[in-house]
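Student: So here's entry-v7.pdb (PDB, C-alpha atoms, pLDDT in the B column).
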```
ATOM      1  CA  MET A   9     -18.437  12.937 -38.545  1.00 53.00           C
ATOM      2  CA  HIS A  10     -19.562  15.537 -36.001  1.00 53.00           C
ATOM      3  CA  LYS A  11     -21.688  12.941 -34.195  1.00 55.00           C
ATOM      4  CA  THR A  12     -18.717  10.534 -33.940  1.00 52.00           C
ATOM      5  CA  ILE A  13     -16.504  13.213 -32.397  1.00 50.00           C
ATOM      6  CA  CYS A  14     -19.230  14.041 -29.859  1.00 41.00           C
ATOM      7  CA  ILE A  15     -19.571  10.375 -28.893  1.00 47.00           C
ATOM      8  CA  ILE A  16     -15.813   9.969 -28.475  1.00 46.00           C
ATOM      9  CA  LEU A  17     -15.631  13.158 -26.420  1.00 40.00           C
ATOM     10  CA  PHE A  18     -18.505  11.933 -24.240  1.00 43.00           C
ATOM     11  CA  PHE A  19     -16.719   8.640 -23.508  1.00 44.00           C
ATOM     12  CA  VAL A  20     -13.413  10.362 -22.763  1.00 40.00           C
ATOM     13  CA  LEU A  21     -15.100  12.736 -20.305  1.00 39.00           C
ATOM     14  CA  THR A  22     -17.012   9.867 -18.711  1.00 41.00           C
ATOM     15  CA  LEU A  23     -13.781   7.927 -18.226  1.00 39.00           C
ATOM     16  CA  LEU A  24     -12.074  10.955 -16.722  1.00 40.00           C
ATOM     17  CA  LEU A  25     -14.923  11.460 -14.272  1.00 40.00           C
ATOM     18  CA  PHE A  26     -14.881   7.774 -13.354  1.00 42.00           C
ATOM     19  CA  PHE A  27     -11.157   7.647 -12.667  1.00 43.00           C
ATOM     20  CA  THR A  28     -11.095  10.894 -10.707  1.00 39.00           C
ATOM     21  CA  SER A  29     -13.849   9.583  -8.450  1.00 41.00           C
ATOM     22  CA  VAL A  30     -12.127   6.221  -7.915  1.00 51.00           C
ATOM     23  CA  TYR A  31      -8.765   7.695  -6.982  1.00 58.00           C
ATOM     24  CA  ALA A  32      -9.098  11.131  -5.454  1.00 77.00           C
ATOM     25  CA  GLY A  33      -5.499  11.608  -4.527  1.00 93.00           C
ATOM     26  CA  GLU A  34      -2.048  10.383  -3.774  1.00 95.00           C
ATOM     27  CA  ILE A  35       0.394  11.153  -0.974  1.00 95.00           C
ATOM     28  CA  ASN A  36       4.056  10.524  -1.665  1.00 96.00           C
ATOM     29  CA  SER A  37       6.610   9.804   1.022  1.00 95.00           C
ATOM     30  CA  ARG A  38      10.229   8.847   0.573  1.00 95.00           C
ATOM     31  CA  TYR A  39       9.318   5.206  -0.080  1.00 96.00           C
ATOM     32  CA  THR A  40       5.585   5.120  -0.769  1.00 96.00           C
ATOM     33  CA  ALA A  41       2.802   6.507  -2.888  1.00 97.00           C
ATOM     34  CA  ILE A  42      -0.456   6.145  -0.993  1.00 96.00           C
ATOM     35  CA  VAL A  43      -3.464   6.193  -3.296  1.00 97.00           C
ATOM     36  CA  TYR A  44      -6.847   6.956  -1.752  1.00 96.00           C
ATOM     37  CA  SER A  45     -10.358   7.697  -2.939  1.00 95.00           C
ATOM     38  CA  ASN A  46     -11.426  10.257  -0.330  1.00 94.00           C
ATOM     39  CA  GLU A  47     -10.113  12.134   2.669  1.00 92.00           C
ATOM     40  CA  THR A  48     -12.226  10.108   5.116  1.00 92.00           C
ATOM     41  CA  GLN A  49     -10.502   6.954   3.915  1.00 94.00           C
ATOM     42  CA  LEU A  50      -7.095   8.561   4.403  1.00 91.00           C
ATOM     43  CA  ARG A  51      -7.938   9.815   7.899  1.00 91.00           C
ATOM     44  CA  LYS A  52      -9.150   6.354   8.925  1.00 92.00           C
ATOM     45  CA  PHE A  53      -5.910   4.822   7.638  1.00 92.00           C
ATOM     46  CA  ASN A  54      -3.883   7.325   9.660  1.00 89.00           C
ATOM     47  CA  LYS A  55      -5.935   6.670  12.794  1.00 88.00           C
ATOM     48  CA  GLU A  56      -5.593   2.887  12.532  1.00 87.00           C
ATOM     49  CA  ILE A  57      -1.844   2.828  11.888  1.00 86.00           C
ATOM     50  CA  LYS A  58      -0.516   3.292  15.408  1.00 81.00           C
ATOM     51  CA  LEU A  59       3.246   2.965  15.700  1.00 75.00           C
ATOM     52  CA  GLY A  60       3.114   2.573  19.469  1.00 72.00           C
ATOM     53  CA  SER A  61       6.634   2.066  20.777  1.00 60.00           C
ATOM     54  CA  LEU A  62       8.047   2.774  17.312  1.00 62.00           C
ATOM     55  CA  SER A  63       6.782   6.364  17.357  1.00 62.00           C
ATOM     56  CA  TYR A  64      10.100   7.559  18.788  1.00 56.00           C
ATOM     57  CA  LEU A  65      11.547   6.852  15.335  1.00 55.00           C
ATOM     58  CA  MET A  66       9.353   9.505  13.698  1.00 57.00           C
ATOM     59  CA  LYS A  67      11.660  11.979  11.996  1.00 60.00           C
ATOM     60  CA  ASP A  68       9.313  14.928  12.129  1.00 56.00           C
ATOM     61  CA  ARG A  69       7.429  15.007  15.409  1.00 58.00           C
ATOM     62  CA  THR A  70       5.976  18.407  14.581  1.00 60.00           C
ATOM     63  CA  SER A  71       3.961  17.267  11.591  1.00 54.00           C
ATOM     64  CA  ILE A  72       1.797  20.093  10.409  1.00 71.00           C
ATOM     65  CA  SER A  73      -0.860  17.895   8.823  1.00 84.00           C
ATOM     66  CA  PHE A  74      -2.185  14.376   9.021  1.00 81.00           C
ATOM     67  CA  GLU A  75      -0.746  13.824   5.531  1.00 89.00           C
ATOM     68  CA  ASP A  76       2.739  14.587   6.888  1.00 89.00           C
ATOM     69  CA  GLU A  77       2.075  12.225   9.774  1.00 88.00           C
ATOM     70  CA  ILE A  78       1.154   9.448   7.327  1.00 91.00           C
ATOM     71  CA  LYS A  79       4.316  10.072   5.289  1.00 92.00           C
ATOM     72  CA  ASN A  80       6.450   9.848   8.424  1.00 90.00           C
ATOM     73  CA  LYS A  81       4.696   6.708   9.652  1.00 91.00           C
ATOM     74  CA  MET A  82       5.191   4.945   6.331  1.00 93.00           C
ATOM     75  CA  ASP A  83       8.868   5.823   6.103  1.00 93.00           C
ATOM     76  CA  VAL A  84       9.487   4.714   9.715  1.00 92.00           C
ATOM     77  CA  LEU A  85       7.631   1.472   9.109  1.00 94.00           C
ATOM     78  CA  ILE A  86       9.520   0.625   5.928  1.00 96.00           C
ATOM     79  CA  GLU A  87      12.861   1.366   7.573  1.00 95.00           C
ATOM     80  CA  LYS A  88      11.875  -0.854  10.518  1.00 95.00           C
ATOM     81  CA  VAL A  89      10.907  -3.683   8.139  1.00 97.00           C
ATOM     82  CA  GLU A  90      14.230  -3.307   6.305  1.00 97.00           C
ATOM     83  CA  SER A  91      16.048  -3.438   9.635  1.00 96.00           C
ATOM     84  CA  ILE A  92      14.231  -6.581  10.791  1.00 97.00           C
ATOM     85  CA  LEU A  93      14.949  -8.333   7.495  1.00 97.00           C
ATOM     86  CA  GLU A  94      18.460  -6.864   7.217  1.00 97.00           C
ATOM     87  CA  MET A  95      17.576  -6.053   3.620  1.00 96.00           C
ATOM     88  CA  TYR A  96      18.171  -2.574   2.301  1.00 95.00           C
ATOM     89  CA  PRO A  97      17.142  -2.278  -1.347  1.00 94.00           C
ATOM     90  CA  ARG A  98      18.872   0.566  -3.206  1.00 89.00           C
ATOM     91  CA  GLN A  99      15.737   2.161  -4.519  1.00 89.00           C
ATOM     92  CA  ILE A 100      12.371   1.256  -3.153  1.00 94.00           C
ATOM     93  CA  LYS A 101       9.081   2.845  -4.113  1.00 95.00           C
ATOM     94  CA  ILE A 102       5.853   1.073  -3.213  1.00 96.00           C
ATOM     95  CA  SER A 103       2.317   2.075  -4.035  1.00 97.00           C
ATOM     96  CA  ILE A 104      -0.306   1.446  -1.376  1.00 97.00           C
ATOM     97  CA  VAL A 105      -3.873   1.505  -2.631  1.00 98.00           C
ATOM     98  CA  LEU A 106      -6.402   2.033   0.132  1.00 97.00           C
ATOM     99  CA  LEU A 107      -9.666   0.209  -0.431  1.00 97.00           C
ATOM    100  CA  ASP A 108     -12.768   0.424   1.736  1.00 96.00           C
ATOM    101  CA  SER A 109     -13.332  -3.270   2.392  1.00 96.00           C
ATOM    102  CA  GLU A 110     -11.894  -6.738   2.170  1.00 96.00           C
ATOM    103  CA  LYS A 111     -14.410  -7.476  -0.620  1.00 97.00           C
ATOM    104  CA  GLU A 112     -12.764  -4.756  -2.726  1.00 97.00           C
ATOM    105  CA  VAL A 113      -9.313  -6.226  -1.998  1.00 97.00           C
ATOM    106  CA  GLN A 114     -10.562  -9.676  -2.976  1.00 97.00           C
ATOM    107  CA  GLY A 115     -12.128  -8.250  -6.148  1.00 97.00           C
ATOM    108  CA  VAL A 116      -8.832  -6.680  -7.192  1.00 97.00           C
ATOM    109  CA  TYR A 117      -7.018  -9.943  -6.482  1.00 97.00           C
ATOM    110  CA  TYR A 118      -9.536 -11.877  -8.573  1.00 97.00           C
ATOM    111  CA  LYS A 119      -9.127  -9.440 -11.505  1.00 97.00           C
ATOM    112  CA  LYS A 120      -5.343  -9.737 -11.334  1.00 96.00           C
ATOM    113  CA  TYR A 121      -4.925 -13.443 -10.661  1.00 96.00           C
ATOM    114  CA  GLY A 122      -8.277 -15.099 -11.418  1.00 96.00           C
ATOM    115  CA  ARG A 123      -8.546 -16.722  -7.989  1.00 96.00           C
ATOM    116  CA  ASN A 124     -10.943 -16.212  -5.106  1.00 97.00           C
ATOM    117  CA  VAL A 125      -9.172 -15.481  -1.802  1.00 97.00           C
ATOM    118  CA  ASP A 126     -10.105 -14.263   1.653  1.00 96.00           C
ATOM    119  CA  PHE A 127      -7.328 -11.645   1.905  1.00 96.00           C
ATOM    120  CA  ILE A 128      -7.674  -8.274   3.616  1.00 96.00           C
ATOM    121  CA  ALA A 129      -4.465  -7.114   1.935  1.00 97.00           C
ATOM    122  CA  PHE A 130      -1.943  -8.332  -0.599  1.00 97.00           C
ATOM    123  CA  TYR A 131       1.227  -7.249  -2.378  1.00 97.00           C
ATOM    124  CA  SER A 132       1.336  -7.438  -6.161  1.00 96.00           C
ATOM    125  CA  PRO A 133       4.967  -7.784  -7.305  1.00 94.00           C
ATOM    126  CA  LYS A 134       4.041  -7.032 -10.900  1.00 93.00           C
ATOM    127  CA  ASP A 135       2.905  -3.492 -10.119  1.00 94.00           C
ATOM    128  CA  LYS A 136       4.881  -3.054  -6.859  1.00 96.00           C
ATOM    129  CA  THR A 137       1.610  -2.267  -5.110  1.00 98.00           C
ATOM    130  CA  ILE A 138      -0.013  -3.179  -1.814  1.00 98.00           C
ATOM    131  CA  TYR A 139      -3.806  -3.323  -1.846  1.00 98.00           C
ATOM    132  CA  LEU A 140      -5.196  -2.808   1.640  1.00 96.00           C
ATOM    133  CA  SER A 141      -8.655  -2.787   3.227  1.00 97.00           C
ATOM    134  CA  ILE A 142      -8.886   0.158   5.613  1.00 94.00           C
ATOM    135  CA  ASN A 143     -11.741  -1.559   7.460  1.00 93.00           C
ATOM    136  CA  ASP A 144      -9.336  -4.312   8.489  1.00 91.00           C
ATOM    137  CA  VAL A 145      -6.020  -2.468   8.623  1.00 89.00           C
ATOM    138  CA  GLU A 146      -3.630  -3.239  11.447  1.00 90.00           C
ATOM    139  CA  LEU A 147       0.013  -2.327  11.828  1.00 92.00           C
ATOM    140  CA  ALA A 148       1.092  -5.990  11.720  1.00 93.00           C
ATOM    141  CA  VAL A 149      -0.835  -6.612   8.489  1.00 94.00           C
ATOM    142  CA  LEU A 150       0.704  -3.554   6.842  1.00 96.00           C
ATOM    143  CA  ALA A 151       4.198  -4.523   8.049  1.00 96.00           C
ATOM    144  CA  HIS A 152       3.656  -8.043   6.667  1.00 97.00           C
ATOM    145  CA  GLU A 153       2.767  -6.676   3.223  1.00 97.00           C
ATOM    146  CA  LEU A 154       5.626  -4.167   3.339  1.00 97.00           C
ATOM    147  CA  ALA A 155       7.952  -7.097   4.053  1.00 97.00           C
ATOM    148  CA  HIS A 156       6.815  -8.724   0.810  1.00 96.00           C
ATOM    149  CA  ALA A 157       7.605  -5.477  -1.011  1.00 97.00           C
ATOM    150  CA  VAL A 158      11.043  -5.084   0.599  1.00 97.00           C
ATOM    151  CA  ILE A 159      11.944  -8.706  -0.216  1.00 96.00           C
ATOM    152  CA  ASP A 160      10.792  -8.227  -3.805  1.00 95.00           C
ATOM    153  CA  HIS A 161      12.811  -5.028  -4.219  1.00 94.00           C
ATOM    154  CA  TYR A 162      15.862  -6.494  -2.496  1.00 95.00           C
ATOM    155  CA  TYR A 163      16.199  -9.591  -4.653  1.00 91.00           C
ATOM    156  CA  GLY A 164      14.791  -8.117  -7.837  1.00 85.00           C
ATOM    157  CA  ILE A 165      13.751 -11.569  -9.034  1.00 87.00           C
ATOM    158  CA  MET A 166      10.881 -13.887  -8.200  1.00 87.00           C
ATOM    159  CA  THR A 167      11.628 -15.680  -4.980  1.00 87.00           C
ATOM    160  CA  PRO A 168       9.698 -18.723  -3.761  1.00 91.00           C
ATOM    161  CA  ALA A 169       6.337 -17.847  -2.201  1.00 90.00           C
ATOM    162  CA  LYS A 170       7.037 -19.905   0.935  1.00 94.00           C
ATOM    163  CA  ILE A 171      10.246 -17.963   1.613  1.00 92.00           C
ATOM    164  CA  HIS A 172       8.365 -14.694   1.136  1.00 91.00           C
ATOM    165  CA  GLU A 173       5.666 -15.785   3.558  1.00 95.00           C
ATOM    166  CA  VAL A 174       8.040 -17.022   6.266  1.00 96.00           C
ATOM    167  CA  LEU A 175      10.021 -13.779   6.154  1.00 95.00           C
ATOM    168  CA  ALA A 176       6.883 -11.631   6.165  1.00 95.00           C
ATOM    169  CA  GLN A 177       5.573 -13.529   9.194  1.00 95.00           C
ATOM    170  CA  TYR A 178       8.955 -13.048  10.867  1.00 96.00           C
ATOM    171  CA  VAL A 179       8.552  -9.286  10.438  1.00 96.00           C
ATOM    172  CA  GLU A 180       5.090  -9.393  12.035  1.00 92.00           C
ATOM    173  CA  THR A 181       6.370 -11.184  15.118  1.00 93.00           C
ATOM    174  CA  HIS A 182       9.484  -9.004  15.552  1.00 94.00           C
ATOM    175  CA  LEU A 183       8.002  -5.602  14.766  1.00 90.00           C
ATOM    176  CA  PHE A 184       8.353  -4.289  18.311  1.00 85.00           C
ATOM    177  CA  ASP A 185      11.652  -5.966  19.283  1.00 85.00           C
TER     178      ASP A 185
END
```
Rewrite the structure of this file - the entire thing - as structure tokens.
Tutor:
Amino acid sequence: MHKTICIILFFVLTLLLFFTSVYAGEINSRYTAIVYSNETQLRKFNKEIKLGSLSYLMKDRTSISFEDEIKNKMDVLIEKVESILEMYPRQIKISIVLLDSEKEVQGVYYKKYGRNVDFIAFYSPKDKTIYLSINDVELAVLAHELAHAVIDHYYGIMTPAKIHEVLAQYVETHLFD
């Protein structure tokens, strides 16, 4: 009996260590929960997401930390996507999981859907989550995936994939209008 308890305890502790190393933290903004595995990953994400001419929309220009800057960027970006689509879901909360490479994104996609793809990012409607490679992140790619999330939240039902894609591409091309 004692040996069984020790084995169970060992596996529980091993699982806890595994999951804490995979996801080191989470930053929550008004609309997003950004899940990351280390601070370097988070800093790279912040550096690569440049709002350019949209930066005037930042609510808090005196951010005291890069985490606050990320929160502001995400909220500005989602509000811009909503504005482009003219879709304003009542309650929207999206998780964004930062992954190191496109191979990791593709691995997650394969586990979820059983298909090989060449994606650098994708939105999973089932878990309301965007999976994103920080090695390949660009503002247009993130806006495209956020558009999928906004559309999903707005309609609340499965909409045809082609409609989703056309609208998400529309957001990409009109991001700086």
Student: Name the residues that the PyMOL selection byres ((chain A and resi 144) around 9) picks from the file above, as a JSON list (two decimals) with C-alpha atoms, in the frame of the given file, using the file's chain letters and numbers.
Tutor:
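Saved to selection_27.json:
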```json
[["chain", "number", "residue", "atom", "x", "y", "z"],
["A", 108, "ASP", "CA", -12.77, 0.42, 1.74],
["A", 109, "SER", "CA", -13.33, -3.27, 2.39],
["A", 110, "GLU", "CA", -11.89, -6.74, 2.17],
["A", 128, "ILE", "CA", -7.67, -8.27, 3.62],
["A", 129, "ALA", "CA", -4.46, -7.11, 1.94],
["A", 140, "LEU", "CA", -5.20, -2.81, 1.64],
["A", 141, "SER", "CA", -8.65, -2.79, 3.23],
["A", 142, "ILE", "CA", -8.89, 0.16, 5.61],
["A", 143, "ASN", "CA", -11.74, -1.56, 7.46],
["A", 145, "VAL", "CA", -6.02, -2.47, 8.62],
["A", 146, "GLU", "CA", -3.63, -3.24, 11.45],
["A", 149, "VAL", "CA", -0.84, -6.61, 8.49]]
```
Student: Would you list the contacts of range 70-79 of chain A as a VMD selection string, taking every protein, DNA or RNA residue within 7 Å and counting only C-alpha atoms, but skipping same-chain residues closer than 3 positions in sequence?
Tutor: chain A and resid 36 to 37 54 82 to 83
Student: I'd like the contact shell of Thr181 in chain A - 10 Å cut-off, all atoms listed in the file, skipping same-chain residues fewer than 5 positions apart - returned as a PyMOL selection string.
Tutor: chain A and resi 148+151-152+176
Student: Kindly indicate which residue among A:Val158, A:Val174, A:Leu106, A:Val125 lies nearest to Ile42 in chain A, using all atoms listed in the file for the distances.
Tutor: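 The closest residue to Ile42 in chain A is A:Leu106.
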Student: If you measure from CA of Ile102 in chain A to CA of Ala41 in chain A, what distance in Å do you get, rounded to one decimal?
Tutor: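 Interatomic distance here is 6.2 Å.
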Student: Evaluate the PyMOL selection byres ((chain A and resi 162) around 9) here and jot the selected residues down as a list in words.
Tutor: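 Output of the PyMOL selection byres ((chain A and resi 162) around 9): Met95, Tyr96, Pro97, Arg98, Gln99, Ile100, Ala157, Val158, Ile159, Asp160, His161, Tyr163, Gly164 and Ile165 of chain A.
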Student: Only C-alpha atoms, please: the residues just picked out, written as a PDB file, keeping the file's coordinate frame.
Tutor:
```pdb
ATOM      1  CA  MET A  95      17.576  -6.053   3.620  1.00 96.00           C
ATOM      2  CA  TYR A  96      18.171  -2.574   2.301  1.00 95.00           C
ATOM      3  CA  PRO A  97      17.142  -2.278  -1.347  1.00 94.00           C
ATOM      4  CA  ARG A  98      18.872   0.566  -3.206  1.00 89.00           C
ATOM      5  CA  GLN A  99      15.737   2.161  -4.519  1.00 89.00           C
ATOM      6  CA  ILE A 100      12.371   1.256  -3.153  1.00 94.00           C
ATOM      7  CA  ALA A 157       7.605  -5.477  -1.011  1.00 97.00           C
ATOM      8  CA  VAL A 158      11.043  -5.084   0.599  1.00 97.00           C
ATOM      9  CA  ILE A 159      11.944  -8.706  -0.216  1.00 96.00           C
ATOM     10  CA  ASP A 160      10.792  -8.227  -3.805  1.00 95.00           C
ATOM     11  CA  HIS A 161      12.811  -5.028  -4.219  1.00 94.00           C
ATOM     12  CA  TYR A 163      16.199  -9.591  -4.653  1.00 91.00           C
ATOM     13  CA  GLY A 164      14.791  -8.117  -7.837  1.00 85.00           C
ATOM     14  CA  ILE A 165      13.751 -11.569  -9.034  1.00 87.00           C
TER      15      ILE A 165
END
```
Student: Name the residues that the PyMOL selection byres ((chain A and resi 116-118) around 12) pulls out of this structure, and write them as a ChimeraX atom specification.
Tutor: /A:105-107,109-115,119-132,137-141
Student: Please, what distance in Å, to one decimal, runs between CA of Leu59 in chain A and CA of Thr40 in chain A?
Tutor: 16.8 Å
Student: One decimal, in Å: what's the spacing between CA of Glu153 in chain A and CA of Lys170 in chain A?
Tutor: 14.1 Å
